[in-house]
Structures are given as structure tokens and as C-alpha cells.
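Report on the structure given below.
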Amino acid sequence: MTLEKVALVTGANKGIGFAAARQLGERGIAVLVGARDEALGKRAADALAADGIAATPIGLDVTDPARVAEAAGEIERRYGRLDILVNNAGTAGGFTGAPSEAGAADLREVYETNVFGVVTVTGAMLPLLLRSPAGRVVNLSSHVGSLTLQSDPGSPLAGVNMIAYQSSKTALNAVTVAYAKELRGTPVKVNTALPGVVATDINHHRGRRIPAEGAAIVVRLALLDEDGPSGACLADEGPVPW
């Protein structure tokens with residue numbers, strides 16, 4: 001029997017992660033609903049399953065290497081491989097002051113999830129992704145992570161200056177490029193998705209888009225064919241400068 005594609009989405013119990021899990025599941029993909037809070041992950045997976053989606057909760061705190069390793073072991077035992085990894089879990093942190101007022105701890109709080117968590121999860125899941133005939137990694141970034149847009153006085157983002165969150169997404173973009181370079185010549189493609197300003201917990205639901213709209217570019221990159229890009233930074237409107 002041919003095994004359907006298997007996708008792991010981190011932070012999938014709500015927001016863009018939940019919407020991406022739904023859209024992948026609606027395409028016949030078995031979805032692993034990664035969540036730090038296992039009760040919330042089960043609730044989300046049950047909601048998807050009620051709509052006919054093959055969804056399974058999996059406890060996953062991206063900042064805890066031991067739990068990430070346990071999740072990788074569970075996926076290997078159940079499926080033997082992983083076809084899609086969506087690194088969606090993210091945080092804006094608690095610091096809202098001027099960059100000159102920030103301390104290392106303020107950045108570290110955000111980097112633990114947005115950067116180090118992605119490295120931890122990707123490293124643990126990569127052996128499973130390499131067993132897939134078409135492994136795909138999608139990292140959730142943001143337009144505010146673009147150095148080009150940040151530094152342009154005429155950019156709509158010129159007035160945004162969140163040192164922890166923005167620099168974490170810039171670092172994530174660099175991490176994406178590094179993995180894509182290493183994996184050239186393999187079936188695994190690694191890209192960055194920019195969902196736009198989506199109403200989620202991270203911005204206190206002040207975004208202009210709904211999660212389903214933000215998830216569309218994530219799913220598009222998760223399902224790239226062989227001719228698709230790797231090491232790209234893409235939004236709905238197309239490539240975005242680093």
C-alpha cells in the first residue's frame with residue numbers, strides 16, 4: 001500500500017499553523033499537529049479529524065531538544081519518513097521598547113523559538129525528510145525580516161523597528177539559505193514563506209488577513225514540484241528581497 005504524504009506543522013493548534021494543517025489535510029496529506037500544549041494539540045487535531053482530515057496530535061516544544069527528538073522518533077516509528085516540515089511556531093516576545101533599550105535576554109527569548117527552535121526541529125527531522133522522494137521544508141518568516149525593506153526609507157516598513165522579532169526573522173532567512181545550499185542535489189527543498197499581516201495571537205489579532213489567506217503561500221511551497229525553487233523567499237505576490 002502506498003503511504004500518503006506526511007506533514008508536520010509546528011505550532012499547529014491555532015492561527016496560520018492550524019490553517020496550513022487544514023489545507024494540507026484537505027489535499028489528502030496526513031497531518032501531524034505539533035503543539036507545545038498537548039491538550040490544545042489534541043483539540044486541534046480532533047477538530048480537523050471531525051472534518052475528515054487525517055490529523056494526529058504530536059507533543060512538540062521547539063525549544064526543548066529532548067521533546068523534539070522524541071517527536072522525530074515517534075514519526076520514524078509510525079511512518080518511516082517525513083515529506084513536509086512546516087516550521088510555523090513563532091513568537092514576538094515581550095519586549096516592545098526601542099532597540100537601544102533591549103538586552104541580550106530580550107532577543108534570546110525570541111530567538112529560542114524563531115531561530116534556534118527551527119534549527120533544532122529541522123536538524124531532527126532532516127534524516128526523515130531525506131527519505132522522502134520530495135522533501136519540503138517551509139519556514140515562516142515575515143516581510144519585516146527583509147533587510148532591503150527595513151533599510152529603505154520609502155518602504156511601508158520604514159517605521160517598524162522591533163529589534164527582537166525583526167532580527168530573528170532576518171536570521172531565519174539566513175538559516176533557510178544555509179539549509180538550501182547544503183541540500184542542493186537532494187530531493188529536499190527549503191524555502192521561506194511570508195504570509196503577510198495575518199490576524200493571530202502574535203499581533204493581538206490586528207492583522208488585515210485571515211489565517212487561511214496567510215497559509216496559502218505556505219501550502220504552495222509545501223507542495224512544490226521538482227522544478228520549484230529552493231532557498232527562495234516568497235509571498236503571494238512573488239519573491240521578496242532578502
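Chains: A, B, ... in order of the C-alpha cells. Residues: from 1 per chain. Ligands: from 1, in order shown.
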Those in range 94-241 of chain A with alpha helix (DSSP H) from DSSP, as a count of residues only: 58
May I have the residues within 12 Å of range 48-52 of chain A as a PyMOL selection string, using only C-alpha atoms and disregarding those fewer than 4 positions away in the same chain? chain A and resi 12-14+18-33+41-44+56-57
Writing out the chosen residues with N, CA, C and O atoms as a compact mmCIF listing (two decimals), in the first residue's frame:
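Output below, filename again18.txt:
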# COMPACT_ATOMS: atom_id res chain seq x y z
N ALA A 12 0.74 24.16 15.44
CA ALA A 12 -0.41 23.97 14.54
C ALA A 12 -1.75 23.97 15.26
O ALA A 12 -2.77 23.69 14.63
N ASN A 13 -1.77 24.28 16.53
CA ASN A 13 -3.05 24.25 17.24
C ASN A 13 -3.87 25.51 17.04
O ASN A 13 -5.03 25.59 17.47
N LYS A 14 -3.29 26.52 16.36
CA LYS A 14 -4.03 27.77 16.14
C LYS A 14 -3.40 28.55 14.99
O LYS A 14 -2.33 28.21 14.49
N PHE A 18 -2.58 26.14 12.15
CA PHE A 18 -3.81 25.35 12.08
C PHE A 18 -4.41 25.42 10.67
O PHE A 18 -4.86 24.42 10.12
N ALA A 19 -4.41 26.63 10.09
CA ALA A 19 -4.95 26.79 8.74
C ALA A 19 -4.13 26.02 7.72
O ALA A 19 -4.68 25.40 6.80
N ALA A 20 -2.80 26.02 7.87
CA ALA A 20 -1.95 25.26 6.95
C ALA A 20 -2.19 23.77 7.10
O ALA A 20 -2.25 23.04 6.11
N ALA A 21 -2.34 23.31 8.35
CA ALA A 21 -2.62 21.89 8.58
C ALA A 21 -3.94 21.50 7.91
O ALA A 21 -4.05 20.44 7.30
N ARG A 22 -4.93 22.35 8.02
CA ARG A 22 -6.22 22.07 7.39
C ARG A 22 -6.09 21.99 5.87
O ARG A 22 -6.59 21.04 5.24
N GLN A 23 -5.41 22.96 5.29
CA GLN A 23 -5.31 22.99 3.83
C GLN A 23 -4.48 21.82 3.30
O GLN A 23 -4.79 21.26 2.24
N LEU A 24 -3.44 21.44 4.02
CA LEU A 24 -2.67 20.26 3.61
C LEU A 24 -3.52 19.00 3.75
O LEU A 24 -3.52 18.13 2.88
N GLY A 25 -4.24 18.90 4.87
CA GLY A 25 -5.10 17.74 5.09
C GLY A 25 -6.19 17.62 4.06
O GLY A 25 -6.56 16.49 3.66
N GLU A 26 -6.71 18.75 3.61
CA GLU A 26 -7.76 18.72 2.59
C GLU A 26 -7.24 18.21 1.24
O GLU A 26 -8.02 17.83 0.39
N ARG A 27 -5.93 18.19 1.10
CA ARG A 27 -5.30 17.65 -0.11
C ARG A 27 -4.88 16.19 0.06
O ARG A 27 -4.10 15.67 -0.74
N GLY A 28 -5.38 15.56 1.11
CA GLY A 28 -5.13 14.14 1.30
C GLY A 28 -3.82 13.81 1.99
O GLY A 28 -3.38 12.66 1.97
N ILE A 29 -3.20 14.79 2.62
CA ILE A 29 -1.94 14.59 3.31
C ILE A 29 -2.21 14.29 4.78
O ILE A 29 -3.06 14.93 5.41
N ALA A 30 -1.50 13.32 5.33
CA ALA A 30 -1.60 13.03 6.76
C ALA A 30 -0.86 14.12 7.53
O ALA A 30 0.33 14.35 7.29
N VAL A 31 -1.56 14.78 8.42
CA VAL A 31 -1.01 15.96 9.10
C VAL A 31 -0.72 15.64 10.56
O VAL A 31 -1.59 15.13 11.28
N LEU A 32 0.50 15.96 10.98
CA LEU A 32 0.88 15.86 12.38
C LEU A 32 0.79 17.25 12.98
O LEU A 32 1.49 18.17 12.55
N VAL A 33 -0.11 17.40 13.94
CA VAL A 33 -0.39 18.70 14.54
C VAL A 33 0.55 18.90 15.72
O VAL A 33 0.31 18.44 16.83
N GLY A 41 -3.14 20.65 21.30
CA GLY A 41 -2.85 19.95 20.07
C GLY A 41 -3.88 18.89 19.76
O GLY A 41 -4.31 18.73 18.62
N LYS A 42 -4.29 18.16 20.79
CA LYS A 42 -5.32 17.14 20.59
C LYS A 42 -6.65 17.76 20.18
O LYS A 42 -7.35 17.25 19.30
N ARG A 43 -6.99 18.88 20.81
CA ARG A 43 -8.24 19.56 20.46
C ARG A 43 -8.22 20.00 18.99
O ARG A 43 -9.22 19.85 18.28
N ALA A 44 -7.08 20.54 18.54
CA ALA A 44 -6.98 20.98 17.15
C ALA A 44 -7.05 19.79 16.20
O ALA A 44 -7.74 19.85 15.17
N THR A 56 -3.21 13.98 13.37
CA THR A 56 -2.75 13.33 14.59
C THR A 56 -1.98 14.35 15.42
O THR A 56 -1.06 15.00 14.90
N PRO A 57 -2.29 14.48 16.71
CA PRO A 57 -1.52 15.41 17.54
C PRO A 57 -0.16 14.84 17.88
O PRO A 57 0.00 13.61 18.01
Set the distance at 12 Å and use only C-alpha atoms: which residues neighbour Ala71 in chain A once local chain neighbours fewer than 2 positions away are removed? I'd like the list as a count of residues only. 34
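Note that DSSP on the backbone gives strand (DSSP E) to these residues of range 189-237 of chain A: Lys189, Val190, Asn191, Thr192, Ala193, Leu194, Cys233, Leu234 and Ala235 of chain A.
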Could you pull the residues within 8 Å of range 163-171 of chain A, counting only C-alpha atoms, minus those fewer than 3 positions along the same chain, as a PyMOL selection string? chain A and resi 91-93+95+98-99+102+106-107+110-111+114-115+141-142+144-147+174-175+242
What's the 10 Å shell around range 208-210 of chain A, counting only C-alpha atoms, without same-chain residues fewer than 6 positions away, as a PyMOL selection string? chain A and resi 15-16+19+195-200
Saved selection, atoms kept: N, CA, C and O atoms, as an mmCIF file, in the first residue's frame:
data_model
loop_
_atom_site.group_PDB
_atom_site.id
_atom_site.type_symbol
_atom_site.label_atom_id
_atom_site.label_comp_id
_atom_site.auth_asym_id
_atom_site.auth_seq_id
_atom_site.Cartn_x
_atom_site.Cartn_y
_atom_site.Cartn_z
ATOM 1 N N GLY A 15 -4.069 29.636 14.612
ATOM 2 C CA GLY A 15 -3.514 30.585 13.659
ATOM 3 C C GLY A 15 -3.143 30.005 12.308
ATOM 4 O O GLY A 15 -3.827 29.130 11.762
ATOM 5 N N ILE A 16 -2.041 30.502 11.756
ATOM 6 C CA ILE A 16 -1.599 30.084 10.429
ATOM 7 C C ILE A 16 -1.254 28.603 10.421
ATOM 8 O O ILE A 16 -1.518 27.899 9.443
ATOM 9 N N ALA A 19 -4.407 26.632 10.090
ATOM 10 C CA ALA A 19 -4.951 26.794 8.736
ATOM 11 C C ALA A 19 -4.131 26.015 7.720
ATOM 12 O O ALA A 19 -4.682 25.399 6.801
ATOM 13 N N PRO A 195 3.624 35.146 4.967
ATOM 14 C CA PRO A 195 2.157 35.092 4.888
ATOM 15 C C PRO A 195 1.465 36.435 4.887
ATOM 16 O O PRO A 195 0.253 36.506 4.685
ATOM 17 N N GLY A 196 2.210 37.528 5.112
ATOM 18 C CA GLY A 196 1.581 38.840 5.209
ATOM 19 C C GLY A 196 1.125 39.116 6.634
ATOM 20 O O GLY A 196 1.422 38.373 7.566
ATOM 21 N N VAL A 197 0.403 40.211 6.790
ATOM 22 C CA VAL A 197 -0.038 40.634 8.128
ATOM 23 C C VAL A 197 -1.348 39.922 8.450
ATOM 24 O O VAL A 197 -2.435 40.367 8.090
ATOM 25 N N VAL A 198 -1.229 38.800 9.125
ATOM 26 C CA VAL A 198 -2.368 37.927 9.422
ATOM 27 C C VAL A 198 -2.810 38.152 10.863
ATOM 28 O O VAL A 198 -1.991 38.288 11.776
ATOM 29 N N ALA A 199 -4.110 38.183 11.080
ATOM 30 C CA ALA A 199 -4.664 38.359 12.424
ATOM 31 C C ALA A 199 -4.465 37.088 13.238
ATOM 32 O O ALA A 199 -5.165 36.099 13.040
ATOM 33 N N THR A 200 -3.490 37.121 14.151
ATOM 34 C CA THR A 200 -3.200 35.979 15.019
ATOM 35 C C THR A 200 -2.853 36.488 16.406
ATOM 36 O O THR A 200 -2.769 37.696 16.642
#
Counting only C-alpha atoms, the residue among A:Ser100, A:Asn161, A:Asn139, A:Ser132 that lies closest to Ala215 in chain A is A:Asn139
Non-local contacts of Asp83 in chain A (10 Å; only C-alpha atoms; under 4 positions in same chain excluded) as a PDB file with N, CA, C and O atoms, in the first residue's frame:
ATOM      1  N   GLU A   4       0.430   7.791   2.032  1.00  0.00           N
ATOM      2  CA  GLU A   4       0.186   9.172   1.647  1.00  0.00           C
ATOM      3  C   GLU A   4       1.304  10.049   2.181  1.00  0.00           C
ATOM      4  O   GLU A   4       2.081   9.649   3.025  1.00  0.00           O
ATOM      5  N   LYS A   5       1.404  11.273   1.692  1.00  0.00           N
ATOM      6  CA  LYS A   5       2.407  12.192   2.211  1.00  0.00           C
ATOM      7  C   LYS A   5       2.121  12.483   3.680  1.00  0.00           C
ATOM      8  O   LYS A   5       0.974  12.530   4.124  1.00  0.00           O
ATOM      9  N   VAL A   6       3.201  12.728   4.417  1.00  0.00           N
ATOM     10  CA  VAL A   6       3.096  13.037   5.839  1.00  0.00           C
ATOM     11  C   VAL A   6       3.704  14.416   6.071  1.00  0.00           C
ATOM     12  O   VAL A   6       4.835  14.689   5.635  1.00  0.00           O
ATOM     13  N   ALA A   7       2.961  15.270   6.740  1.00  0.00           N
ATOM     14  CA  ALA A   7       3.415  16.630   7.016  1.00  0.00           C
ATOM     15  C   ALA A   7       3.409  16.894   8.516  1.00  0.00           C
ATOM     16  O   ALA A   7       2.467  16.520   9.218  1.00  0.00           O
ATOM     17  N   LEU A   8       4.448  17.545   9.006  1.00  0.00           N
ATOM     18  CA  LEU A   8       4.500  18.027  10.383  1.00  0.00           C
ATOM     19  C   LEU A   8       4.436  19.545  10.362  1.00  0.00           C
ATOM     20  O   LEU A   8       5.235  20.200   9.684  1.00  0.00           O
ATOM     21  N   ILE A  29      -3.204  14.794   2.622  1.00  0.00           N
ATOM     22  CA  ILE A  29      -1.938  14.587   3.308  1.00  0.00           C
ATOM     23  C   ILE A  29      -2.210  14.292   4.782  1.00  0.00           C
ATOM     24  O   ILE A  29      -3.057  14.934   5.412  1.00  0.00           O
ATOM     25  N   ALA A  30      -1.497  13.324   5.331  1.00  0.00           N
ATOM     26  CA  ALA A  30      -1.601  13.027   6.760  1.00  0.00           C
ATOM     27  C   ALA A  30      -0.862  14.115   7.526  1.00  0.00           C
ATOM     28  O   ALA A  30       0.330  14.345   7.295  1.00  0.00           O
ATOM     29  N   MET A 125      14.514  16.437  12.082  1.00  0.00           N
ATOM     30  CA  MET A 125      13.621  15.879  11.065  1.00  0.00           C
ATOM     31  C   MET A 125      14.302  15.642   9.718  1.00  0.00           C
ATOM     32  O   MET A 125      13.768  14.919   8.869  1.00  0.00           O
ATOM     33  N   LEU A 126      15.479  16.209   9.519  1.00  0.00           N
ATOM     34  CA  LEU A 126      16.117  16.112   8.203  1.00  0.00           C
ATOM     35  C   LEU A 126      16.397  14.673   7.760  1.00  0.00           C
ATOM     36  O   LEU A 126      16.172  14.337   6.585  1.00  0.00           O
ATOM     37  N   LEU A 128      14.628  12.134   8.247  1.00  0.00           N
ATOM     38  CA  LEU A 128      13.337  11.620   7.782  1.00  0.00           C
ATOM     39  C   LEU A 128      12.932  12.275   6.469  1.00  0.00           C
ATOM     40  O   LEU A 128      12.365  11.630   5.582  1.00  0.00           O
ATOM     41  N   LEU A 129      13.210  13.571   6.322  1.00  0.00           N
ATOM     42  CA  LEU A 129      12.892  14.279   5.085  1.00  0.00           C
ATOM     43  C   LEU A 129      13.722  13.750   3.918  1.00  0.00           C
ATOM     44  O   LEU A 129      13.246  13.698   2.778  1.00  0.00           O
ATOM     45  N   LEU A 130      14.934  13.344   4.203  1.00  0.00           N
ATOM     46  CA  LEU A 130      15.798  12.817   3.140  1.00  0.00           C
ATOM     47  C   LEU A 130      15.344  11.443   2.655  1.00  0.00           C
ATOM     48  O   LEU A 130      15.791  10.981   1.605  1.00  0.00           O
ATOM     49  N   ARG A 131      14.473  10.795   3.406  1.00  0.00           N
ATOM     50  CA  ARG A 131      13.897   9.528   2.957  1.00  0.00           C
ATOM     51  C   ARG A 131      12.692   9.744   2.037  1.00  0.00           C
ATOM     52  O   ARG A 131      12.187   8.791   1.441  1.00  0.00           O
ATOM     53  N   SER A 132      12.229  10.977   1.955  1.00  0.00           N
ATOM     54  CA  SER A 132      11.088  11.292   1.089  1.00  0.00           C
ATOM     55  C   SER A 132      11.566  11.498  -0.343  1.00  0.00           C
ATOM     56  O   SER A 132      12.655  12.037  -0.562  1.00  0.00           O
ATOM     57  N   PRO A 133      10.758  11.117  -1.322  1.00  0.00           N
ATOM     58  CA  PRO A 133      11.143  11.389  -2.713  1.00  0.00           C
ATOM     59  C   PRO A 133      11.072  12.873  -3.064  1.00  0.00           C
ATOM     60  O   PRO A 133      11.614  13.290  -4.083  1.00  0.00           O
ATOM     61  N   ALA A 134      10.404  13.662  -2.212  1.00  0.00           N
ATOM     62  CA  ALA A 134      10.270  15.096  -2.494  1.00  0.00           C
ATOM     63  C   ALA A 134      10.071  15.852  -1.181  1.00  0.00           C
ATOM     64  O   ALA A 134       9.022  16.424  -0.933  1.00  0.00           O
ATOM     65  N   GLY A 135      11.100  15.836  -0.328  1.00  0.00           N
ATOM     66  CA  GLY A 135      11.000  16.511   0.962  1.00  0.00           C
ATOM     67  C   GLY A 135      10.899  18.020   0.804  1.00  0.00           C
ATOM     68  O   GLY A 135      11.574  18.615  -0.047  1.00  0.00           O
ATOM     69  N   ARG A 136      10.067  18.627   1.619  1.00  0.00           N
ATOM     70  CA  ARG A 136       9.878  20.077   1.560  1.00  0.00           C
ATOM     71  C   ARG A 136       9.923  20.660   2.969  1.00  0.00           C
ATOM     72  O   ARG A 136       9.265  20.154   3.881  1.00  0.00           O
ATOM     73  N   VAL A 137      10.691  21.751   3.130  1.00  0.00           N
ATOM     74  CA  VAL A 137      10.749  22.483   4.388  1.00  0.00           C
ATOM     75  C   VAL A 137      10.289  23.905   4.109  1.00  0.00           C
ATOM     76  O   VAL A 137      10.804  24.568   3.190  1.00  0.00           O
ATOM     77  N   VAL A 188      15.278  17.428  -1.304  1.00  0.00           N
ATOM     78  CA  VAL A 188      14.702  18.330  -0.300  1.00  0.00           C
ATOM     79  C   VAL A 188      14.862  19.785  -0.722  1.00  0.00           C
ATOM     80  O   VAL A 188      15.965  20.229  -1.058  1.00  0.00           O
ATOM     81  N   ALA A 222       4.947  24.040   0.293  1.00  0.00           N
ATOM     82  CA  ALA A 222       4.996  22.667   0.795  1.00  0.00           C
ATOM     83  C   ALA A 222       4.754  21.649  -0.310  1.00  0.00           C
ATOM     84  O   ALA A 222       5.197  20.498  -0.199  1.00  0.00           O
ATOM     85  N   LEU A 223       4.075  22.081  -1.356  1.00  0.00           N
ATOM     86  CA  LEU A 223       3.707  21.166  -2.434  1.00  0.00           C
ATOM     87  C   LEU A 223       4.436  21.461  -3.744  1.00  0.00           C
ATOM     88  O   LEU A 223       3.987  21.057  -4.808  1.00  0.00           O
TER      89      LEU A 223
END
May I ask which of the residues A:Ala158, A:Ala193, A:Ala232, A:Leu140 is the closest one to Ala178 in chain A, counting only C-alpha atoms? A:Ala232
Neighbouring residues of Thr192 in chain A were defined as those with any atom within 9 Å, considering only C-alpha atoms; residues of the same chain fewer than 2 positions away were excluded. Please report them as a PDB file with C-alpha atoms, in the first residue's frame.
ATOM      1  CA  VAL A 137      10.749  22.483   4.388  1.00  0.00           C
ATOM      2  CA  VAL A 138       8.813  25.735   4.749  1.00  0.00           C
ATOM      3  CA  ASN A 139       9.984  28.320   7.272  1.00  0.00           C
ATOM      4  CA  LEU A 140       7.519  31.018   8.302  1.00  0.00           C
ATOM      5  CA  SER A 141       9.183  34.414   8.087  1.00  0.00           C
ATOM      6  CA  SER A 142       7.899  37.965   7.603  1.00  0.00           C
ATOM      7  CA  LEU A 172      15.706  32.767   9.938  1.00  0.00           C
ATOM      8  CA  ASN A 173      16.032  33.876   6.319  1.00  0.00           C
ATOM      9  CA  THR A 176      16.858  28.988   5.209  1.00  0.00           C
ATOM     10  CA  VAL A 177      19.507  29.871   2.632  1.00  0.00           C
ATOM     11  CA  VAL A 190      13.904  24.619   1.740  1.00  0.00           C
ATOM     12  CA  LEU A 194       5.860  35.291   4.006  1.00  0.00           C
ATOM     13  CA  VAL A 218       2.853  28.000   2.998  1.00  0.00           C
ATOM     14  CA  LEU A 221       5.722  25.930  -1.032  1.00  0.00           C
ATOM     15  CA  SER A 230      14.886  26.221  -3.132  1.00  0.00           C
ATOM     16  CA  GLY A 231      16.406  28.942  -0.976  1.00  0.00           C
ATOM     17  CA  ALA A 232      13.714  31.415  -2.010  1.00  0.00           C
ATOM     18  CA  CYS A 233      11.760  33.999  -0.013  1.00  0.00           C
ATOM     19  CA  LEU A 234       8.212  34.079  -1.350  1.00  0.00           C
ATOM     20  CA  ALA A 235       4.938  35.843  -0.605  1.00  0.00           C
TER      21      ALA A 235
END
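Among the candidates A:Thr63, A:Asp236, A:Leu224, A:Val219, the residue lying nearest to Glu112 in chain A is A:Thr63 (atoms considered: only C-alpha atoms).
Of the listed residues (A:Pro211, A:Gly228, A:Met162, A:Leu85), A:Met162 comes nearest to Glu101 in chain A; the distances count only C-alpha atoms.
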